[in-house]
Protein chains: 2
Amino acid sequence: MSLHDELMTVGRQAVAAARALALLNTQKKNSILNAMADEILQRRKAILYANARDMEAGQKAGLSPALLDRLQLTDTRIDAMAQTIREVAALKDPVGRTIRRWSRPNGLVIRKLRVPIGVIGIIYESRPNITADAAVLCIKTSNAVILRGGKEAMASNSAIAQALQAGGASKDLPDHAVQLIQTPDHDAIRELVQMEGLVDLVMPRGGEALIRAVMEHARVPVIKHYKGVCHVFVDETANPDMALAIVENAKCQRPGICNAMETLLIHNRIAPSFLPQAARRLAEQGVELRGDPASRDLVPAIQPATEDDWYTEYLALILSVRIVPSVKSAIEHINHYGSHHSDAIVTESKASASLFTQEVDSAAVYVNASTRFTDGGEFGLGAEIGISTDKLHARGPMGLEELTTYKYVVSGQGQVRT
Amino acid sequence: MSLHDELMTVGRQAVAAARALALLNTQKKNSILNAMADEILQRRKAILYANARDMEAGQKAGLSPALLDRLQLTDTRIDAMAQTIREVAALKDPVGRTIRRWSRPNGLVIRKLRVPIGVIGIIYESRPNITADAAVLCIKTSNAVILRGGKEAMASNSAIAQALQAGGASKDLPDHAVQLIQTPDHDAIRELVQMEGLVDLVMPRGGEALIRAVMEHARVPVIKHYKGVCHVFVDETANPDMALAIVENAKCQRPGICNAMETLLIHNRIAPSFLPQAARRLAEQGVELRGDPASRDLVPAIQPATEDDWYTEYLALILSVRIVPSVKSAIEHINHYGSHHSDAIVTESKASASLFTQEVDSAAVYVNASTRFTDGGEFGLGAEIGISTDKLHARGPMGLEELTTYKYVVSGQGQVRT
């Protein structure tokens with residue numbers, strides 16, 4: 001069977017599974033999820049064994065320590081995987097809810113109902129727990145899922161997917177509701193994102209190169225974020241202590257995450273007092289600073305920033321710094337160089353805060369808080385399938401509701417149009 | 001300037017316009033719209049003159065009478081165009097509304113706010129009034145719009161766009177908020193749908209060939225419907241008089257519209273009594289029937305249907321007919337051959353209605369009403385920019401709200417993540 005035919009079969013099976021999933025009630029879906037969690041724990045040894053094979057191959061292939069860490073499974077990580085599944089089972093099910101109901105002068109009653117999207121493709125890299133996380137969020141919302149993990153994690157992903165399938169099957173989960181594409185052929189991604197009419201949505205999760213490869217070929221809807229070039233702007237009226245705490249947290253608390261700050265913008269009226277303090281504090285945390293000439297005049301230890309730096313997501317203890325003359329110019333910098341992800345202002349001025357939140361064109365805009373809060377859990381969504389910097393369908397952290405769509409059900413007594 | 005550079009300039013101008021538009025309040029936008037309506041009436045002669053040139057060229061080029069009718073502008077149609085603009089001005093503005101507001105245990109206050117999408121591209125055919133309709137819906141929602149009409153309507157579209165721009169300019173509409181791509185080069189469509197980072201959404205409106213051409217090249221999000229293969233299923237428990245009225249209305253009231261019925265499905269228990277009556281009634285309206293063998297056994301005058309017929313959007317007085325053994329099999333036919341647009345069941349059985357509305361995977365599912373109601377106006381949305389058979393962002397009739405997205409604004413007192 002050609003790769004194309006193989007994937008078309010996967011797609012058609014997923015469509016059939018999605019139709020069957022749409023008929024399951026919440027209680028049934030929750031019992032499936034809990035059985036999946038049980039089976040993950042039951043198969044702990046097999047999963048760890050598969051993971052050891054992936055780790056060994058990864059070491060031989062010379063994967064970086066950071067990549068190997070993401071790839072590795074431990075007892076604790078397997079426990080956490082099962083725990084996450086049980087937490088998703090405990091969440092409220094959005095499917096079937098009435099979003100709005102109204103009637104028309106001719107007596108028609110229109111209901112806008114929340115329904116599953118159908119078939120969702122997830123393309124991801126290295127971390128094997130995404131296999132379980134993504135699958136259960138899709139099943140909770142009655143969507144069939146097609147998973148395509150990184151080839152370095154293939155054995156681990158396969159063991160996890162088998163556990164989910166076996167747990168599901170014990171509670172009559174429809175066949176093919178969770179499918180994992182196992183071929184190492186890279187063209188599988190291209191095939192998957194061109195399956196119009198079978199795949200309703202693809203969500204790529206990973207580095208910018210992966211996302212660009214997906215977008216190059218996509219014919220089905222994709223929700224994504226390329227990167228998180230997040231900013232903190234310290235306004236002239238900022239409380240300096242608050243600003244220092246937010247800057248340190250946004251940069252240092254977990255620099256490898258997409259909602260970490262990559263560029264610090266400082267109003268020129270507060271920069272002479274603020275920047276030296278901030279530079280000292282960040283240096284203590286091992287942060288390398290790269291700045292514009294004005295910032296280097298104030299703190300000579302700052303290295304010069306290039307034009308490229310303003311666009312860069314370091315995901316590391318490096319920070320670009322720029323002095324700006326106004327809120328307006330901070331906003332312009334963010335809209336031009338940023339990635340429309342998460343950006344913060346620290347200010348005591350209501351006018352500055354209002355201008356900033358209105359004009360910064362990002363998924364999440366903060367006043368006097370760290371950008372690190374852009375996260376499904378921190379927002380109270382209960383779970384997160386990803387973060388979108390797109391504007392269509394979903395923006396920012398995506399929870400269960402973002403894995404659904406709606407349909408209109410219109411009830412009449414024989415109405416015809418005149 | 002190359003076509004690519006030309007369109008990139010259009011895109012960058014649109015982005016700048018969108019930023020300026022986002023700052024206009026509702027009153028300002030409404031005054032702009034009303035000035036546009038005034039200017040359309042003011043320039044009636046110039047618009048009719050431009051349209052006469054398009055009509056003359058169209059006649060020479062041998063356009064069909066139906067196409068020429070869609071192309072033609074008259075005094076009445078110009079009055080209607082201005083009237084529609086005033087009606088859009090009178091609609092409620094969704095931009096700036098708080099969708100949801102909540103606070104977190106750490107004191108953060110999260111607001112989910114409705115905001116403009118940004119830059120919207122509209123690609124359409126023949127009917128010049130779309131130039132005005134689409135532009136004003138975008139302006140009302142603070143989106144910049146890039147219009148690309150059919151080449152047969154270029155002079156008319158240009159005259160209308162100039163009127164909109166002049167009316168807007170008189171009330172300080174930001175420059176380039178409404179742009180019309182005038183080059184006849186067909187590659188302009190390909191360029192437009194690949195302007196990632198500049199164009200946020202493209203909506204193609206027209207025949208299936210146009211939509212397929214757009215999808216072939218699209219890299220930016222597209223919302224669309226290919227076609228409307230709509231069904232009416234007459235269940236065994238249907239009230240025959242109601243079913244006859246709905247069938248006649250869904251097929252004949254305006255057969256050229258996407259929400260008209262193309263296939264009639266009849267339960268085999270009611271077919272012997274119902275189909276002969278329906279066939280007679282439809283024959284009186286000049287409808288040609290094409291059916292499966294079971295329907296031809298009942299009414300020999302019915303022509304044989306081919307497999308292709310079940311997929312076909314006739315947009316004419318032709319109807320496919322099939323006898324089915326159950327609600328389930330009607331649902332399977334609709335999900336397999338249909339276009340996920342609008343489908344109806346006529347039934348007195350609550351169980352059949354419930355099964356049908358749950359399992360038919362279409363934007364609008366009707367119980368005891370004509371499919372012809374799938375329309376922004378009929379749904380009470382106040383206006384319609386198009387109809388989506390996609391599942392992401394918008395499904396079914398799209399009004400003003402569907403031309404917006406949201407952002408999260410998070411307010412704190414110095415919160416950092418631990």
# chains A, B, ... in the order shown; residues from 1 in each chain; ligands from 1
$ select_by_dssp --residues "region 81-295 of chain A" --states "strand (DSSP E)" --output "ChimeraX atom specification"
/A:98-103,109-116,119-124,144-148,178-180,201-205,230-234,261-267,288-291
$ write_last_selection --atoms "C-alpha atoms" --output "mmCIF file, in the first residue's frame"
data_model
loop_
_atom_site.group_PDB
_atom_site.id
_atom_site.type_symbol
_atom_site.label_atom_id
_atom_site.label_comp_id
_atom_site.auth_asym_id
_atom_site.auth_seq_id
_atom_site.Cartn_x
_atom_site.Cartn_y
_atom_site.Cartn_z
ATOM 1 C CA THR A 98 -26.769 24.986 24.046
ATOM 2 C CA ILE A 99 -24.745 28.111 23.265
ATOM 3 C CA ARG A 100 -27.800 30.179 22.352
ATOM 4 C CA ARG A 101 -31.460 29.542 21.680
ATOM 5 C CA TRP A 102 -33.858 32.005 20.117
ATOM 6 C CA SER A 103 -37.049 32.109 18.116
ATOM 7 C CA VAL A 109 -36.798 27.971 17.035
ATOM 8 C CA ILE A 110 -33.039 28.145 16.404
ATOM 9 C CA ARG A 111 -30.587 26.431 18.730
ATOM 10 C CA LYS A 112 -26.827 26.879 18.398
ATOM 11 C CA LEU A 113 -25.367 23.687 19.873
ATOM 12 C CA ARG A 114 -21.785 22.825 20.753
ATOM 13 C CA VAL A 115 -20.645 19.717 18.826
ATOM 14 C CA PRO A 116 -17.335 17.920 18.229
ATOM 15 C CA VAL A 119 -11.161 14.425 13.130
ATOM 16 C CA ILE A 120 -8.171 16.218 14.637
ATOM 17 C CA GLY A 121 -4.554 15.634 13.619
ATOM 18 C CA ILE A 122 -1.809 16.344 16.175
ATOM 19 C CA ILE A 123 1.771 16.626 14.917
ATOM 20 C CA TYR A 124 4.369 16.900 17.668
ATOM 21 C CA ALA A 144 -11.266 11.190 16.688
ATOM 22 C CA VAL A 145 -7.535 11.857 16.816
ATOM 23 C CA ILE A 146 -4.668 11.033 14.452
ATOM 24 C CA LEU A 147 -1.319 11.346 16.209
ATOM 25 C CA ARG A 148 2.018 11.829 14.524
ATOM 26 C CA VAL A 178 -7.097 7.033 18.600
ATOM 27 C CA GLN A 179 -4.652 6.286 15.770
ATOM 28 C CA LEU A 180 -0.882 6.756 15.740
ATOM 29 C CA LEU A 201 -8.158 20.420 11.977
ATOM 30 C CA VAL A 202 -4.420 19.942 12.409
ATOM 31 C CA MET A 203 -2.511 21.258 15.393
ATOM 32 C CA PRO A 204 1.271 21.135 15.105
ATOM 33 C CA ARG A 205 3.141 21.414 18.400
ATOM 34 C CA CYS A 230 7.058 37.981 24.414
ATOM 35 C CA HIS A 231 7.723 41.475 25.758
ATOM 36 C CA VAL A 232 7.584 43.289 29.059
ATOM 37 C CA PHE A 233 7.346 47.078 28.779
ATOM 38 C CA VAL A 234 8.335 49.045 31.885
ATOM 39 C CA MET A 261 9.936 37.134 27.970
ATOM 40 C CA GLU A 262 12.489 37.580 25.178
ATOM 41 C CA THR A 263 12.628 41.378 24.975
ATOM 42 C CA LEU A 264 12.520 44.027 27.700
ATOM 43 C CA LEU A 265 11.349 47.491 26.660
ATOM 44 C CA ILE A 266 11.947 50.389 29.056
ATOM 45 C CA HIS A 267 10.573 53.934 28.948
ATOM 46 C CA GLU A 288 23.007 37.579 29.069
ATOM 47 C CA LEU A 289 21.755 41.007 27.949
ATOM 48 C CA ARG A 290 21.810 42.324 24.373
ATOM 49 C CA GLY A 291 20.757 45.923 23.975
#
$ closest_atom_pairs --of "chain A" --to "chain B" --cutoff "6 Å" --atoms "only C-alpha atoms" --output "Markdown table"
| residue | atom | partner | partner_atom | distance |
| --- | --- | --- | --- | --- |
| A:Met242 | CA | B:Gly414 | CA | 5.4 |
| A:Ile246 | CA | B:Val416 | CA | 6.0 |
| A:Ala363 | CA | B:Lys407 | CA | 5.1 |
| A:Ala364 | CA | B:Tyr408 | CA | 4.6 |
| A:Val365 | CA | B:Val409 | CA | 4.9 |
| A:Tyr366 | CA | B:Val410 | CA | 4.7 |
| A:Val367 | CA | B:Ser411 | CA | 4.8 |
| A:Asn368 | CA | B:Gly414 | CA | 4.9 |
| A:Ala369 | CA | B:Gln415 | CA | 4.8 |
| A:Ser370 | CA | B:Val416 | CA | 5.2 |
| A:Leu392 | CA | B:His393 | CA | 5.6 |
| A:His393 | CA | B:His393 | CA | 3.7 |
| A:Lys407 | CA | B:Ala363 | CA | 5.1 |
| A:Tyr408 | CA | B:Ala364 | CA | 4.6 |
| A:Val409 | CA | B:Val365 | CA | 4.9 |
| A:Val410 | CA | B:Tyr366 | CA | 4.7 |
| A:Ser411 | CA | B:Val367 | CA | 4.8 |
| A:Gly412 | CA | B:Asn368 | CA | 5.1 |
| A:Gln413 | CA | B:Asn368 | CA | 5.5 |
| A:Gly414 | CA | B:Asn368 | CA | 4.9 |
| A:Gln415 | CA | B:Ala369 | CA | 4.8 |
| A:Val416 | CA | B:Ser370 | CA | 5.2 |
$ write_last_selection --atoms "N, CA and C atoms" --output "mmCIF file, in the first residue's frame"
data_model
loop_
_atom_site.group_PDB
_atom_site.id
_atom_site.type_symbol
_atom_site.label_atom_id
_atom_site.label_comp_id
_atom_site.auth_asym_id
_atom_site.auth_seq_id
_atom_site.Cartn_x
_atom_site.Cartn_y
_atom_site.Cartn_z
ATOM 1 N N MET A 242 7.851 46.193 41.631
ATOM 2 C CA MET A 242 6.945 45.298 40.894
ATOM 3 C C MET A 242 7.543 44.952 39.526
ATOM 4 N N ILE A 246 8.503 41.216 38.075
ATOM 5 C CA ILE A 246 7.852 40.693 36.860
ATOM 6 C C ILE A 246 8.896 40.370 35.802
ATOM 7 N N ALA A 363 -2.456 37.628 21.618
ATOM 8 C CA ALA A 363 -3.469 36.752 22.202
ATOM 9 C C ALA A 363 -3.738 37.121 23.658
ATOM 10 N N ALA A 364 -2.665 37.410 24.417
ATOM 11 C CA ALA A 364 -2.830 37.772 25.831
ATOM 12 C C ALA A 364 -2.021 39.034 26.112
ATOM 13 N N VAL A 365 -2.685 40.031 26.669
ATOM 14 C CA VAL A 365 -2.030 41.293 26.992
ATOM 15 C C VAL A 365 -2.188 41.509 28.497
ATOM 16 N N TYR A 366 -1.060 41.751 29.179
ATOM 17 C CA TYR A 366 -1.038 41.825 30.635
ATOM 18 C C TYR A 366 -0.783 43.238 31.119
ATOM 19 N N VAL A 367 -1.437 43.590 32.216
ATOM 20 C CA VAL A 367 -1.120 44.808 32.949
ATOM 21 C C VAL A 367 -0.639 44.385 34.333
ATOM 22 N N ASN A 368 0.585 44.731 34.652
ATOM 23 C CA ASN A 368 1.141 44.453 35.979
ATOM 24 C C ASN A 368 1.087 42.980 36.379
ATOM 25 N N ALA A 369 1.465 42.113 35.445
ATOM 26 C CA ALA A 369 1.591 40.683 35.758
ATOM 27 C C ALA A 369 2.572 40.069 34.756
ATOM 28 N N SER A 370 3.098 38.925 35.121
ATOM 29 C CA SER A 370 4.095 38.251 34.290
ATOM 30 C C SER A 370 3.447 37.579 33.076
ATOM 31 N N LEU A 392 -8.157 33.015 14.077
ATOM 32 C CA LEU A 392 -9.402 32.351 13.717
ATOM 33 C C LEU A 392 -9.676 31.177 14.636
ATOM 34 N N HIS A 393 -10.929 31.033 15.042
ATOM 35 C CA HIS A 393 -11.412 29.921 15.867
ATOM 36 C C HIS A 393 -10.915 30.007 17.313
ATOM 37 N N LYS A 407 -23.305 23.573 15.695
ATOM 38 C CA LYS A 407 -24.230 23.452 14.571
ATOM 39 C C LYS A 407 -25.519 24.148 14.952
ATOM 40 N N TYR A 408 -26.287 24.550 13.931
ATOM 41 C CA TYR A 408 -27.600 25.126 14.178
ATOM 42 C C TYR A 408 -28.657 24.044 13.984
ATOM 43 N N VAL A 409 -29.510 23.881 14.976
ATOM 44 C CA VAL A 409 -30.650 22.986 14.838
ATOM 45 C C VAL A 409 -31.902 23.862 14.843
ATOM 46 N N VAL A 410 -32.670 23.796 13.767
ATOM 47 C CA VAL A 410 -33.807 24.685 13.579
ATOM 48 C C VAL A 410 -35.085 23.859 13.568
ATOM 49 N N SER A 411 -36.014 24.170 14.471
ATOM 50 C CA SER A 411 -37.245 23.385 14.583
ATOM 51 C C SER A 411 -38.445 24.224 14.186
ATOM 52 N N GLY A 412 -39.298 23.632 13.341
ATOM 53 C CA GLY A 412 -40.471 24.352 12.866
ATOM 54 C C GLY A 412 -41.720 23.511 12.919
ATOM 55 N N GLN A 413 -42.783 24.068 12.364
ATOM 56 C CA GLN A 413 -44.052 23.349 12.242
ATOM 57 C C GLN A 413 -44.505 23.443 10.790
ATOM 58 N N GLY A 414 -43.546 23.287 9.886
ATOM 59 C CA GLY A 414 -43.896 23.330 8.460
ATOM 60 C C GLY A 414 -43.565 24.645 7.783
ATOM 61 N N GLN A 415 -42.755 25.494 8.425
ATOM 62 C CA GLN A 415 -42.443 26.804 7.828
ATOM 63 C C GLN A 415 -41.743 26.682 6.464
ATOM 64 N N VAL A 416 -42.193 27.516 5.529
ATOM 65 C CA VAL A 416 -41.513 27.636 4.239
ATOM 66 C C VAL A 416 -41.180 29.103 4.025
#
$ closest_residue --among "B:Asp133, B:Asp235, B:Asp172, B:Asp54" --to "Ala35 (chain B)" --atoms "only C-alpha atoms"
B:Asp172
$ residues_around --residues "Ile139 (chain A)" --least-positions-apart "5" --cutoff "10 Å" --atoms "only C-alpha atoms" --output "count of residues only"
17
$ atom_distance --atom1 "CA of Asp75 (chain B)" --atom2 "CA of Gly377 (chain B)"
23.1 Å
$ select_by_dssp --residues "region 229-309 of chain B" --states "helix (DSSP H, G or I)" --output "PyMOL selection string"
chain B and resi 240-252+271-284+293-298+307-309
$ write_last_selection --atoms "N, CA and C atoms" --output "tab-separated table (two decimals), in the first residue's frame"
chain	number	residue	atom	x	y	z
B	240	PRO	N	-48.02	14.49	5.33
B	240	PRO	CA	-47.78	14.59	3.88
B	240	PRO	C	-47.97	16.00	3.33
B	241	ASP	N	-48.97	16.73	3.84
B	241	ASP	CA	-49.19	18.08	3.31
B	241	ASP	C	-48.02	19.00	3.66
B	242	MET	N	-47.54	18.86	4.93
B	242	MET	CA	-46.39	19.66	5.33
B	242	MET	C	-45.17	19.29	4.48
B	243	ALA	N	-44.98	18.00	4.27
B	243	ALA	CA	-43.83	17.54	3.49
B	243	ALA	C	-43.89	18.08	2.06
B	244	LEU	N	-45.08	18.05	1.45
B	244	LEU	CA	-45.23	18.56	0.09
B	244	LEU	C	-44.87	20.04	0.01
B	245	ALA	N	-45.34	20.80	0.98
B	245	ALA	CA	-45.09	22.25	0.98
B	245	ALA	C	-43.60	22.53	1.16
B	246	ILE	N	-42.95	21.78	2.06
B	246	ILE	CA	-41.52	21.99	2.31
B	246	ILE	C	-40.70	21.58	1.09
B	247	VAL	N	-41.05	20.44	0.50
B	247	VAL	CA	-40.32	19.97	-0.68
B	247	VAL	C	-40.43	20.98	-1.82
B	248	GLU	N	-41.63	21.45	-2.07
B	248	GLU	CA	-41.82	22.41	-3.15
B	248	GLU	C	-41.04	23.69	-2.88
B	249	ASN	N	-41.13	24.18	-1.64
B	249	ASN	CA	-40.43	25.41	-1.30
B	249	ASN	C	-38.92	25.26	-1.39
B	250	ALA	N	-38.40	24.15	-0.84
B	250	ALA	CA	-36.95	23.96	-0.80
B	250	ALA	C	-36.38	23.84	-2.20
B	251	LYS	N	-37.15	23.26	-3.12
B	251	LYS	CA	-36.65	23.10	-4.50
B	251	LYS	C	-36.92	24.31	-5.36
B	252	CYS	N	-38.13	24.86	-5.28
B	252	CYS	CA	-38.57	25.77	-6.34
B	252	CYS	C	-38.54	27.26	-6.01
B	271	ALA	N	-43.29	6.23	0.77
B	271	ALA	CA	-43.02	6.55	-0.64
B	271	ALA	C	-44.19	6.21	-1.57
B	272	PRO	N	-44.83	5.03	-1.45
B	272	PRO	CA	-45.90	4.68	-2.41
B	272	PRO	C	-47.01	5.72	-2.46
B	273	SER	N	-47.34	6.32	-1.30
B	273	SER	CA	-48.38	7.35	-1.33
B	273	SER	C	-47.81	8.73	-1.60
B	274	PHE	N	-46.61	9.00	-1.07
B	274	PHE	CA	-46.09	10.36	-1.13
B	274	PHE	C	-45.44	10.71	-2.47
B	275	LEU	N	-44.62	9.81	-2.99
B	275	LEU	CA	-43.83	10.18	-4.17
B	275	LEU	C	-44.69	10.55	-5.38
B	276	PRO	N	-45.76	9.78	-5.70
B	276	PRO	CA	-46.58	10.20	-6.86
B	276	PRO	C	-47.15	11.61	-6.71
B	277	GLN	N	-47.63	11.93	-5.51
B	277	GLN	CA	-48.15	13.29	-5.26
B	277	GLN	C	-47.06	14.34	-5.45
B	278	ALA	N	-45.87	14.05	-4.83
B	278	ALA	CA	-44.77	15.01	-4.90
B	278	ALA	C	-44.32	15.19	-6.35
B	279	ALA	N	-44.25	14.08	-7.08
B	279	ALA	CA	-43.81	14.15	-8.47
B	279	ALA	C	-44.76	15.02	-9.29
B	280	ARG	N	-46.06	14.85	-9.04
B	280	ARG	CA	-47.05	15.66	-9.76
B	280	ARG	C	-46.85	17.15	-9.44
B	281	ARG	N	-46.76	17.44	-8.15
B	281	ARG	CA	-46.62	18.83	-7.72
B	281	ARG	C	-45.34	19.46	-8.29
B	282	LEU	N	-44.25	18.71	-8.29
B	282	LEU	CA	-42.98	19.25	-8.80
B	282	LEU	C	-43.02	19.39	-10.32
B	283	ALA	N	-43.69	18.45	-10.99
B	283	ALA	CA	-43.82	18.53	-12.46
B	283	ALA	C	-44.55	19.82	-12.84
B	284	GLU	N	-45.57	20.17	-12.06
B	284	GLU	CA	-46.31	21.41	-12.32
B	284	GLU	C	-45.39	22.63	-12.26
B	293	PRO	N	-33.80	3.20	-8.79
B	293	PRO	CA	-34.77	2.26	-9.36
B	293	PRO	C	-36.08	2.19	-8.56
B	294	ALA	N	-36.01	2.21	-7.23
B	294	ALA	CA	-37.23	2.10	-6.43
B	294	ALA	C	-38.18	3.26	-6.69
B	295	SER	N	-37.63	4.46	-6.87
B	295	SER	CA	-38.50	5.62	-7.14
B	295	SER	C	-39.09	5.52	-8.54
B	296	ARG	N	-38.32	4.94	-9.49
B	296	ARG	CA	-38.81	4.83	-10.86
B	296	ARG	C	-39.88	3.73	-10.98
B	297	ASP	N	-39.83	2.75	-10.08
B	297	ASP	CA	-40.90	1.75	-10.03
B	297	ASP	C	-42.22	2.43	-9.65
B	298	LEU	N	-42.13	3.41	-8.75
B	298	LEU	CA	-43.35	4.09	-8.28
B	298	LEU	C	-43.84	5.14	-9.28
B	307	GLU	N	-24.65	7.83	-10.25
B	307	GLU	CA	-23.93	8.05	-8.99
B	307	GLU	C	-23.55	9.53	-8.83
B	308	ASP	N	-23.15	10.15	-9.93
B	308	ASP	CA	-22.76	11.56	-9.89
B	308	ASP	C	-23.90	12.48	-9.46
B	309	ASP	N	-25.12	12.11	-9.82
B	309	ASP	CA	-26.25	12.98	-9.47
B	309	ASP	C	-26.33	13.24	-7.97
$ atom_distance --atom1 "CA of Arg77 (chain B)" --atom2 "CA of Leu381 (chain B)"
22.2 Å
$ closest_residue --among "A:Met55, A:Val95, A:Val10, A:Leu164" --to "Leu24 (chain A)" --atoms "only C-alpha atoms"
A:Val95
$ atom_distance --atom1 "CA of Thr84 (chain A)" --atom2 "CA of Arg12 (chain A)"
29.2 Å
$ residues_around --residues "Ala50 (chain A)" --least-positions-apart "6" --cutoff "12 Å" --atoms "only C-alpha atoms" --output "PyMOL selection string"
chain A and resi 43-44+56-57+71-74+128+152-162
$ write_last_selection --atoms "N, CA and C atoms" --output "PDB file, in the first residue's frame"
ATOM      1  N   ARG A  43       0.564  -0.877  32.250  1.00  0.00           N
ATOM      2  CA  ARG A  43       1.608  -1.172  31.260  1.00  0.00           C
ATOM      3  C   ARG A  43       2.881  -0.355  31.504  1.00  0.00           C
ATOM      4  N   ARG A  44       3.046   0.083  32.716  1.00  0.00           N
ATOM      5  CA  ARG A  44       4.192   0.907  33.077  1.00  0.00           C
ATOM      6  C   ARG A  44       5.506   0.308  32.570  1.00  0.00           C
ATOM      7  N   GLU A  56      18.121   5.052  24.166  1.00  0.00           N
ATOM      8  CA  GLU A  56      19.380   4.482  23.700  1.00  0.00           C
ATOM      9  C   GLU A  56      19.673   4.936  22.257  1.00  0.00           C
ATOM     10  N   ALA A  57      18.641   4.843  21.426  1.00  0.00           N
ATOM     11  CA  ALA A  57      18.823   5.282  20.034  1.00  0.00           C
ATOM     12  C   ALA A  57      19.129   6.776  19.988  1.00  0.00           C
ATOM     13  N   LEU A  71      12.538  13.602  26.139  1.00  0.00           N
ATOM     14  CA  LEU A  71      12.169  12.262  25.664  1.00  0.00           C
ATOM     15  C   LEU A  71      11.974  11.262  26.802  1.00  0.00           C
ATOM     16  N   GLN A  72      12.731  11.468  27.874  1.00  0.00           N
ATOM     17  CA  GLN A  72      12.769  10.441  28.925  1.00  0.00           C
ATOM     18  C   GLN A  72      11.467  10.315  29.718  1.00  0.00           C
ATOM     19  N   LEU A  73      11.071   9.072  29.953  1.00  0.00           N
ATOM     20  CA  LEU A  73       9.954   8.786  30.858  1.00  0.00           C
ATOM     21  C   LEU A  73      10.515   8.175  32.139  1.00  0.00           C
ATOM     22  N   THR A  74       9.843   8.485  33.243  1.00  0.00           N
ATOM     23  CA  THR A  74      10.235   7.921  34.540  1.00  0.00           C
ATOM     24  C   THR A  74       8.941   7.457  35.207  1.00  0.00           C
ATOM     25  N   PRO A 128       6.874  12.323  24.877  1.00  0.00           N
ATOM     26  CA  PRO A 128       5.897  11.254  24.629  1.00  0.00           C
ATOM     27  C   PRO A 128       4.584  11.450  25.388  1.00  0.00           C
ATOM     28  N   GLU A 152      12.062  10.134  17.015  1.00  0.00           N
ATOM     29  CA  GLU A 152      12.923   9.772  18.135  1.00  0.00           C
ATOM     30  C   GLU A 152      12.120   9.182  19.297  1.00  0.00           C
ATOM     31  N   ALA A 153      10.806   9.386  19.306  1.00  0.00           N
ATOM     32  CA  ALA A 153       9.981   8.887  20.419  1.00  0.00           C
ATOM     33  C   ALA A 153       9.028   7.791  19.958  1.00  0.00           C
ATOM     34  N   MET A 154       9.286   7.207  18.808  1.00  0.00           N
ATOM     35  CA  MET A 154       8.308   6.315  18.192  1.00  0.00           C
ATOM     36  C   MET A 154       7.944   5.114  19.061  1.00  0.00           C
ATOM     37  N   ALA A 155       8.938   4.474  19.675  1.00  0.00           N
ATOM     38  CA  ALA A 155       8.638   3.292  20.491  1.00  0.00           C
ATOM     39  C   ALA A 155       7.813   3.685  21.718  1.00  0.00           C
ATOM     40  N   SER A 156       8.184   4.790  22.357  1.00  0.00           N
ATOM     41  CA  SER A 156       7.435   5.258  23.538  1.00  0.00           C
ATOM     42  C   SER A 156       6.004   5.616  23.152  1.00  0.00           C
ATOM     43  N   ASN A 157       5.855   6.394  22.081  1.00  0.00           N
ATOM     44  CA  ASN A 157       4.519   6.806  21.647  1.00  0.00           C
ATOM     45  C   ASN A 157       3.651   5.605  21.314  1.00  0.00           C
ATOM     46  N   SER A 158       4.279   4.618  20.677  1.00  0.00           N
ATOM     47  CA  SER A 158       3.533   3.443  20.277  1.00  0.00           C
ATOM     48  C   SER A 158       3.051   2.673  21.513  1.00  0.00           C
ATOM     49  N   ALA A 159       3.915   2.542  22.518  1.00  0.00           N
ATOM     50  CA  ALA A 159       3.508   1.837  23.745  1.00  0.00           C
ATOM     51  C   ALA A 159       2.381   2.581  24.455  1.00  0.00           C
ATOM     52  N   ILE A 160       2.477   3.907  24.480  1.00  0.00           N
ATOM     53  CA  ILE A 160       1.425   4.705  25.138  1.00  0.00           C
ATOM     54  C   ILE A 160       0.116   4.599  24.361  1.00  0.00           C
ATOM     55  N   ALA A 161       0.197   4.726  23.030  1.00  0.00           N
ATOM     56  CA  ALA A 161      -1.017   4.644  22.209  1.00  0.00           C
ATOM     57  C   ALA A 161      -1.677   3.283  22.370  1.00  0.00           C
ATOM     58  N   GLN A 162      -0.866   2.229  22.442  1.00  0.00           N
ATOM     59  CA  GLN A 162      -1.446   0.889  22.643  1.00  0.00           C
ATOM     60  C   GLN A 162      -2.171   0.789  23.979  1.00  0.00           C
TER      61      GLN A 162
END
$ closest_residue --among "B:Gln42, B:Asn259, B:Ser349, B:Ser329" --to "Ser388 (chain B)" --atoms "only C-alpha atoms"
B:Asn259
